[in-house]
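Trainee: Here's a structure for you.
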Amino acid sequence: MTDTPSIIIGVPRETSPGETRVALVPAVVAVLAKAGAQVVIERGAGDASGYADAAFEAKGATLASRDEVFGRASVILGVRVAGSDAASREDSQRLRRGQLVIGMADPLGDPEAIRAFASTGATLFALELVPRITRAQSMDVLSSMATIAGYKAVLMAADSLPRMFPMMMTAAGTITPARVFVVGAGVAGLQAIASAKRLGAVVHAYDVRAAVKEQIQSLGAKFVELPVEAGNAEDKGGYARELGEEFYRKQRELMAKVVAESDVVITTAMIPGKKAPVLITRDMVEAMAPGSVVVDLAAERGGNVDATRAGETVWVGGVRVIGAVNLPAAMPYHASQMYARNVAAFVQNMIKDGALVVSTDDEIVRDTLVARDGDVVNAAIRERLGLTTATA
Ligand code: NAI
C-alpha cells in the first residue's frame with residue numbers, strides 16, 4: 001500500500017430523468033477506502049436519496065464539482081451510465097481514454113449508446129451483464145433492483161385498489177381478502193408474492209419455468225397450473241427463453257379466467273435482451289372487476305399487457321393499468337444502498353494489491369466489459385450493431 005491511493009473512484013450525480021439513486025452510499029465509501037481507494041463525489045449526489053454531503057465526507061469522501069469528479073477519477077461509478085440523452089453526451093466530453101466507467105448501461109436495449117460511448121476510448125462495464133454465478137451474486141444489480149420493484153409494485157397496487165388486501169372479521173361484517181395474481185416469478189415476482197402475502201392477500205402466481213413452482217408455494221402462494229407445454233423454458237443462465245407467439249396465444253387463453261377473477265395483476269415476465277411477451281390483452285383486462293389494478297413491471301421492455309404505456313397509468317374500462325418504470329428510484333434510500341454494495345463488490349473483485357486490474361481471464365470482468373480502447377468488445381452488442389465479430 002502507498003500513501004497516495006492509486007485508485008480514485010468518482011461518483012457523479014445522476015442526471016437521467018427521474019433518477020433519484022446514487023451509486024455509492026457513505027457506509028460503502030468506508031468499505032472502498034479500506035480496500036485502498038479514494039472516493040470523490042459530486043456535491044449533492046446523494047440529496048435525492050437521503051444521503052447528505054456531510055455523511056459522505058464523514059466517511060472519508062471528498063466533495064467536488066462534476067468536472068473535478070471526471071477529471072480526477074480513474075474509475076467512474078454511476079447508476080445509469082452511457083445513456084443516449086443530452087446529459088450523457090455532455091459527460092462523454094469529460095471522459096478520457098482508459099478511464100473506467102461502471103454502471104447500468106442498458107447494453108442490449110440501447111446498443112447505439114454503447115457505440116457512442118466506445119468512441120470516447122474509455123472502458124465501460126455494464127452491470128446488467130454480471131453472470132449469474134455464485135461468486136457474482138453480491139454484484140447482481142438486476143436482482144437487487146428487481147427485489148425493490150416487486151415490493152413497490154404491490155404497494156402501488158394496494159394504494160390504488162378500492163378494496164383492502166387482508167381479510168378482516170369485524171362487527172361491520174367480514175371483508176374478503178384481495179386476490180393477487182403474479183405473472184412471472186423471477187426475483188421481482190417472488191418479492192411481489194411475498195409482499196402481497198404479508199399484506200394478507202390471497203396470491204396466485206405463474207411462471208413458464210417449472211423450477212419456480214416450489215418457490216411460489218413456499219411463499220404461501222398457489223401455483224397456477226396451465227395445461228400448456230413450455231418445454232425447456234430456461235436458458236443455461238437460468239433466464240426464460242422466448243417461446244414463440246403460438247405458446248403465448250395459448251398462455252393468454254388459459255390465463256384469462258385467473259386474470260378475470262383477480263383484483264390485482266402484477267406482471268414481471270421478461271426475456272433478456274428481447275421485447276417482453278404480451279400475455280394480457282385488452283379483452284382480458286376488460287373482464288376484470290371495475291376498480292381492479294394491473295401493474296406492469298415489464299413496461300420498460302414493451303409491457304406484458306398490450307394496453308400498457310410505459311411511465312403512464314391508463315384506464316381500460318374501469319381497470320387501471322400502471323406502466324411502472326424505474327420503481328427502484330421510488331425507494332432511493334435502500335435502492336442506493338443495495339446498488340452501492342453490488343457495485344463495490346464488483347470493484348473490489350478487480351482490486352489486486354491496491355491497484356485496479358482489468359483481467360479478461362475473470363469471467364465477471366469478461367462478461368461485463370462492453371467497450372474498450374475505442375471499440376465495442378461484447379459479441380452480442382457487436383452483433384446488434386451489425387459489426388463483424390472478433391475482438392476481446
Ligand atoms: P427476468 O426479470 O428476466 O424475468 C422474470 C420472470 O418472468 C422469470 O422468472 C421468467 O421465467 C418469467 N417469464 C418469462 N416469460 C414468461 C411467460 N411467458 N409467462 C410467465 N412467466 C414468464 O428474470 P429474473 O427475475 O432476473 O431471474 C430469473 C431467474 O434467474 C431466477 O429465478 C433464478 O433462477 C435466476 N437467478 C440466478 C441468480 C444467480 O444464480 N446468481 C441471481 C438471480 C436470478
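Residues in the C-alpha cells are numbered from 1 in each chain, the chains being A, B, ... in the order shown, and ligands are numbered from 1 in the order shown.
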If you run DSSP on the backbone, which residues of stretch 212-290 of chain A are strand (DSSP E), as a VMD selection string?
Mentor: chain A and resid 222 to 223 264 to 267
Trainee: Considering only C-alpha atoms, return as an mmCIF file with C-alpha atoms, in the first residue's frame whatever protein or nucleic-acid residues lie within 8 Å of A:Asp140, sequence-local ones (same chain, fewer than 6 positions apart) excluded.
Mentor:
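As a result, selection.cif now contains:
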data_model
loop_
_atom_site.group_PDB
_atom_site.id
_atom_site.type_symbol
_atom_site.label_atom_id
_atom_site.label_comp_id
_atom_site.auth_asym_id
_atom_site.auth_seq_id
_atom_site.Cartn_x
_atom_site.Cartn_y
_atom_site.Cartn_z
ATOM 1 C CA LEU A 127 -23.517 -4.337 -14.667
ATOM 2 C CA GLU A 128 -26.622 -5.844 -16.279
ATOM 3 C CA VAL A 130 -22.862 -9.728 -14.477
ATOM 4 C CA ARG A 132 -25.399 -15.386 -12.623
ATOM 5 C CA ASN A 342 -23.257 -4.503 -5.576
#
Trainee: With only C-alpha atoms as the counted atoms, please give the residues lying no more than 9 Å from stretch 160-163 of chain A, apart from itself and same-chain residues fewer than 5 positions off, as an mmCIF file with C-alpha atoms, in the first residue's frame.
Mentor:
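What follows is the written file around-v3.cif:
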data_model
loop_
_atom_site.group_PDB
_atom_site.id
_atom_site.type_symbol
_atom_site.label_atom_id
_atom_site.label_comp_id
_atom_site.auth_asym_id
_atom_site.auth_seq_id
_atom_site.Cartn_x
_atom_site.Cartn_y
_atom_site.Cartn_z
ATOM 1 C CA LEU A 155 -47.621 -1.117 -2.539
ATOM 2 C CA PRO A 177 -59.100 -10.724 1.088
ATOM 3 C CA ALA A 178 -57.894 -9.249 -2.180
ATOM 4 C CA ASP A 263 -58.357 -7.785 -8.100
ATOM 5 C CA VAL A 264 -54.696 -7.150 -8.782
ATOM 6 C CA GLY A 291 -61.592 -0.851 -9.680
ATOM 7 C CA SER A 292 -59.068 -3.644 -10.316
ATOM 8 C CA VAL A 293 -55.435 -2.745 -10.827
ATOM 9 C CA ARG A 320 -56.234 0.916 -14.017
#
Trainee: To check your reading of the model: which residues sit at most 9 Å from ligand 1 when counting only C-alpha atoms and all ligand atoms? Write the answer as a ChimeraX atom specification.
Mentor: /A:130-140,142-144,146-147,182-190,205-212,230,233-234,237-243,247-248,251-252,267-273,276-279,298,304
Trainee: Can you pull out every residue within 10 Å of A:His334, counting only C-alpha atoms, but drop anything in the same chain fewer than 4 positions away, and send it as a list in words?
Mentor: Arg21, Val25, Ser49, Gly50, Ser144, Met145, Ile148, Pro328, Ala329, Ala330, Met338, Tyr339 and Ala340 of chain A
Trainee: Once you have the residues from the selection above, write them out as a compact mmCIF listing (two decimals), in the first residue's frame, restricted to C-alpha atoms.
Mentor:
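Final file, again14.txt:
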# COMPACT_ATOMS: atom_id res chain seq x y z
CA ARG A 21 -30.46 6.97 -6.75
CA VAL A 25 -23.63 5.47 -0.08
CA SER A 49 -31.79 9.53 -1.93
CA GLY A 50 -31.34 10.84 1.61
CA SER A 144 -31.31 -6.24 -6.04
CA MET A 145 -33.28 -3.71 -8.08
CA ILE A 148 -37.31 -3.40 -4.75
CA PRO A 328 -36.26 1.39 -7.52
CA ALA A 329 -35.97 5.18 -7.95
CA ALA A 330 -39.13 5.46 -5.84
CA MET A 338 -28.15 -2.17 -2.32
CA TYR A 339 -26.74 -0.85 -5.59
CA ALA A 340 -23.70 0.57 -3.79
Trainee: Between A:Ala82, A:Glu42, A:Tyr51, A:Arg13, which one has atoms that come closest to A:Glu68, using only C-alpha atoms?
Mentor: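 Comparing A:Ala82, A:Glu42, A:Tyr51, A:Arg13 against A:Glu68, the winner is A:Glu42.
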Trainee: In Å, with one decimal, what is the gap from atom CA of A:Glu261 to atom CA of A:Val285?
Mentor: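 Answer for the atom CA of A:Glu261 to atom CA of A:Val285 separation: 10.6 Å.
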Trainee: Can I get the residues of stretch 86-111 of chain A within 12 Å of stretch 344-350 of chain A, each with the closest pair of atoms and their distance in Å to one decimal, using only C-alpha atoms, sorted chain first then ascending number, as JSON lines?
Mentor:
{"residue": "A:Leu100", "atom": "CA", "partner": "A:Val347", "partner_atom": "CA", "distance": 10.5}
{"residue": "A:Val101", "atom": "CA", "partner": "A:Val347", "partner_atom": "CA", "distance": 10.7}
{"residue": "A:Ile102", "atom": "CA", "partner": "A:Val347", "partner_atom": "CA", "distance": 8.6}
{"residue": "A:Gly103", "atom": "CA", "partner": "A:Phe346", "partner_atom": "CA", "distance": 10.1}
Trainee: Keeping N, CA, C and O atoms, export the residues of the selection given above as a PDB file, in the first residue's frame.
Mentor:
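In the end it all went to selection-v7.pdb:
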ATOM      1  N   LEU A 100     -12.147   4.123 -16.504  1.00  0.00           N
ATOM      2  CA  LEU A 100     -13.130   3.044 -16.353  1.00  0.00           C
ATOM      3  C   LEU A 100     -14.477   3.623 -15.930  1.00  0.00           C
ATOM      4  O   LEU A 100     -14.523   4.468 -15.034  1.00  0.00           O
ATOM      5  N   VAL A 101     -15.548   3.156 -16.547  1.00  0.00           N
ATOM      6  CA  VAL A 101     -16.893   3.571 -16.156  1.00  0.00           C
ATOM      7  C   VAL A 101     -17.695   2.307 -15.859  1.00  0.00           C
ATOM      8  O   VAL A 101     -17.699   1.363 -16.656  1.00  0.00           O
ATOM      9  N   ILE A 102     -18.324   2.291 -14.699  1.00  0.00           N
ATOM     10  CA  ILE A 102     -19.060   1.098 -14.268  1.00  0.00           C
ATOM     11  C   ILE A 102     -20.479   1.497 -13.874  1.00  0.00           C
ATOM     12  O   ILE A 102     -20.670   2.415 -13.075  1.00  0.00           O
ATOM     13  N   GLY A 103     -21.465   0.812 -14.426  1.00  0.00           N
ATOM     14  CA  GLY A 103     -22.849   1.120 -14.052  1.00  0.00           C
ATOM     15  C   GLY A 103     -23.823   0.367 -14.930  1.00  0.00           C
ATOM     16  O   GLY A 103     -23.437  -0.515 -15.703  1.00  0.00           O
TER      17      GLY A 103
END
Trainee: Grab the atom CA of A:Lys213 to atom CA of A:Glu225 distance for me, in Å with one decimal place.
Mentor: 9.2 Å
Trainee: May I ask which of the residues A:Glu383, A:Asp375, A:Asp296, A:Asp353 is the closest one to A:Ile114, counting only C-alpha atoms?
Mentor: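 Among A:Glu383, A:Asp375, A:Asp296, A:Asp353, it is A:Asp375 that comes nearest to A:Ile114.
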Trainee: So, counting only C-alpha atoms, which residue among A:Leu95, A:Ala55, A:Met167, A:Ile7 is closest to A:Ala30?
Mentor: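 Among A:Leu95, A:Ala55, A:Met167, A:Ile7, it is A:Ala55 that comes nearest to A:Ala30.
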Trainee: Residues near A:Thr368, anyone? I mean within 7 Å using only C-alpha atoms, not counting same-chain ones fewer than 2 positions away, as JSON, numbers by chain.
Mentor: {"A": [125, 126, 127, 129, 130, 364, 365, 366, 370]}
Trainee: Put those residues in a file: N, CA, C and O atoms, as an mmCIF file, in the first residue's frame.
Mentor:
data_model
loop_
_atom_site.group_PDB
_atom_site.id
_atom_site.type_symbol
_atom_site.label_atom_id
_atom_site.label_comp_id
_atom_site.auth_asym_id
_atom_site.auth_seq_id
_atom_site.Cartn_x
_atom_site.Cartn_y
_atom_site.Cartn_z
ATOM 1 N N PHE A 125 -18.047 -0.961 -18.287
ATOM 2 C CA PHE A 125 -18.572 -2.213 -17.743
ATOM 3 C C PHE A 125 -20.067 -2.041 -17.513
ATOM 4 O O PHE A 125 -20.485 -1.130 -16.802
ATOM 5 N N ALA A 126 -20.876 -2.915 -18.109
ATOM 6 C CA ALA A 126 -22.335 -2.855 -17.941
ATOM 7 C C ALA A 126 -22.737 -3.898 -16.901
ATOM 8 O O ALA A 126 -22.608 -5.103 -17.129
ATOM 9 N N LEU A 127 -23.230 -3.418 -15.777
ATOM 10 C CA LEU A 127 -23.517 -4.337 -14.667
ATOM 11 C C LEU A 127 -24.703 -5.259 -14.934
ATOM 12 O O LEU A 127 -24.869 -6.271 -14.262
ATOM 13 N N LEU A 129 -24.812 -7.203 -17.183
ATOM 14 C CA LEU A 129 -24.259 -8.426 -17.769
ATOM 15 C C LEU A 129 -23.467 -9.271 -16.768
ATOM 16 O O LEU A 129 -22.821 -10.243 -17.157
ATOM 17 N N VAL A 130 -23.524 -8.910 -15.494
ATOM 18 C CA VAL A 130 -22.862 -9.728 -14.477
ATOM 19 C C VAL A 130 -23.407 -11.159 -14.588
ATOM 20 O O VAL A 130 -24.625 -11.358 -14.595
ATOM 21 N N ILE A 364 -16.314 -12.634 -14.708
ATOM 22 C CA ILE A 364 -17.156 -11.481 -14.350
ATOM 23 C C ILE A 364 -16.704 -10.248 -15.131
ATOM 24 O O ILE A 364 -17.512 -9.502 -15.687
ATOM 25 N N VAL A 365 -15.385 -10.068 -15.198
ATOM 26 C CA VAL A 365 -14.822 -8.928 -15.929
ATOM 27 C C VAL A 365 -15.126 -9.079 -17.422
ATOM 28 O O VAL A 365 -15.598 -8.153 -18.087
ATOM 29 N N ARG A 366 -14.889 -10.272 -17.931
ATOM 30 C CA ARG A 366 -15.052 -10.541 -19.366
ATOM 31 C C ARG A 366 -16.508 -10.316 -19.816
ATOM 32 O O ARG A 366 -16.759 -9.665 -20.812
ATOM 33 N N VAL A 370 -17.900 -4.025 -22.039
ATOM 34 C CA VAL A 370 -18.580 -3.822 -23.320
ATOM 35 C C VAL A 370 -17.864 -2.861 -24.259
ATOM 36 O O VAL A 370 -18.062 -2.917 -25.476
#
Trainee: Tell me, as a PDB file with N, CA and C atoms, in the first residue's frame, which residues lie within 7 Å of A:Lys222, counting only C-alpha atoms; anything in the same chain fewer than 3 positions away does not count.
Mentor:
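Saved to result-v1.pdb:
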ATOM      1  N   VAL A 203     -52.792 -15.068  -2.888  1.00  0.00           N
ATOM      2  CA  VAL A 203     -51.908 -14.850  -4.031  1.00  0.00           C
ATOM      3  C   VAL A 203     -51.796 -16.100  -4.908  1.00  0.00           C
ATOM      4  N   HIS A 204     -51.940 -15.881  -6.227  1.00  0.00           N
ATOM      5  CA  HIS A 204     -51.697 -16.920  -7.221  1.00  0.00           C
ATOM      6  C   HIS A 204     -50.533 -16.462  -8.079  1.00  0.00           C
ATOM      7  N   ALA A 205     -49.793 -17.398  -8.627  1.00  0.00           N
ATOM      8  CA  ALA A 205     -48.675 -17.000  -9.489  1.00  0.00           C
ATOM      9  C   ALA A 205     -48.421 -18.050 -10.550  1.00  0.00           C
ATOM     10  N   ILE A 216     -42.767 -20.624  -5.308  1.00  0.00           N
ATOM     11  CA  ILE A 216     -44.053 -19.923  -5.185  1.00  0.00           C
ATOM     12  C   ILE A 216     -44.825 -20.501  -4.000  1.00  0.00           C
ATOM     13  N   GLN A 217     -44.843 -21.821  -3.946  1.00  0.00           N
ATOM     14  CA  GLN A 217     -45.607 -22.468  -2.878  1.00  0.00           C
ATOM     15  C   GLN A 217     -44.985 -22.210  -1.510  1.00  0.00           C
TER      16      GLN A 217
END
Trainee: Please indicate the distance in Å from atom CA of A:Pro332 to atom CA of A:Val319, rounded to one decimal place.
Mentor: 28.6 Å
Trainee: From a DSSP pass on the backbone, collect the residues of stretch 55-176 of chain A flagged as helix (DSSP H, G or I) and hand them back as a count of residues only.
Mentor: 57
Trainee: For A:Val258, please output as number ranges by chain all residues within 10 Å (counting only C-alpha atoms; exclusion window: fewer than 6 positions along the same chain).
Mentor: A: 179-181, 204-205, 224, 265, 284, 288
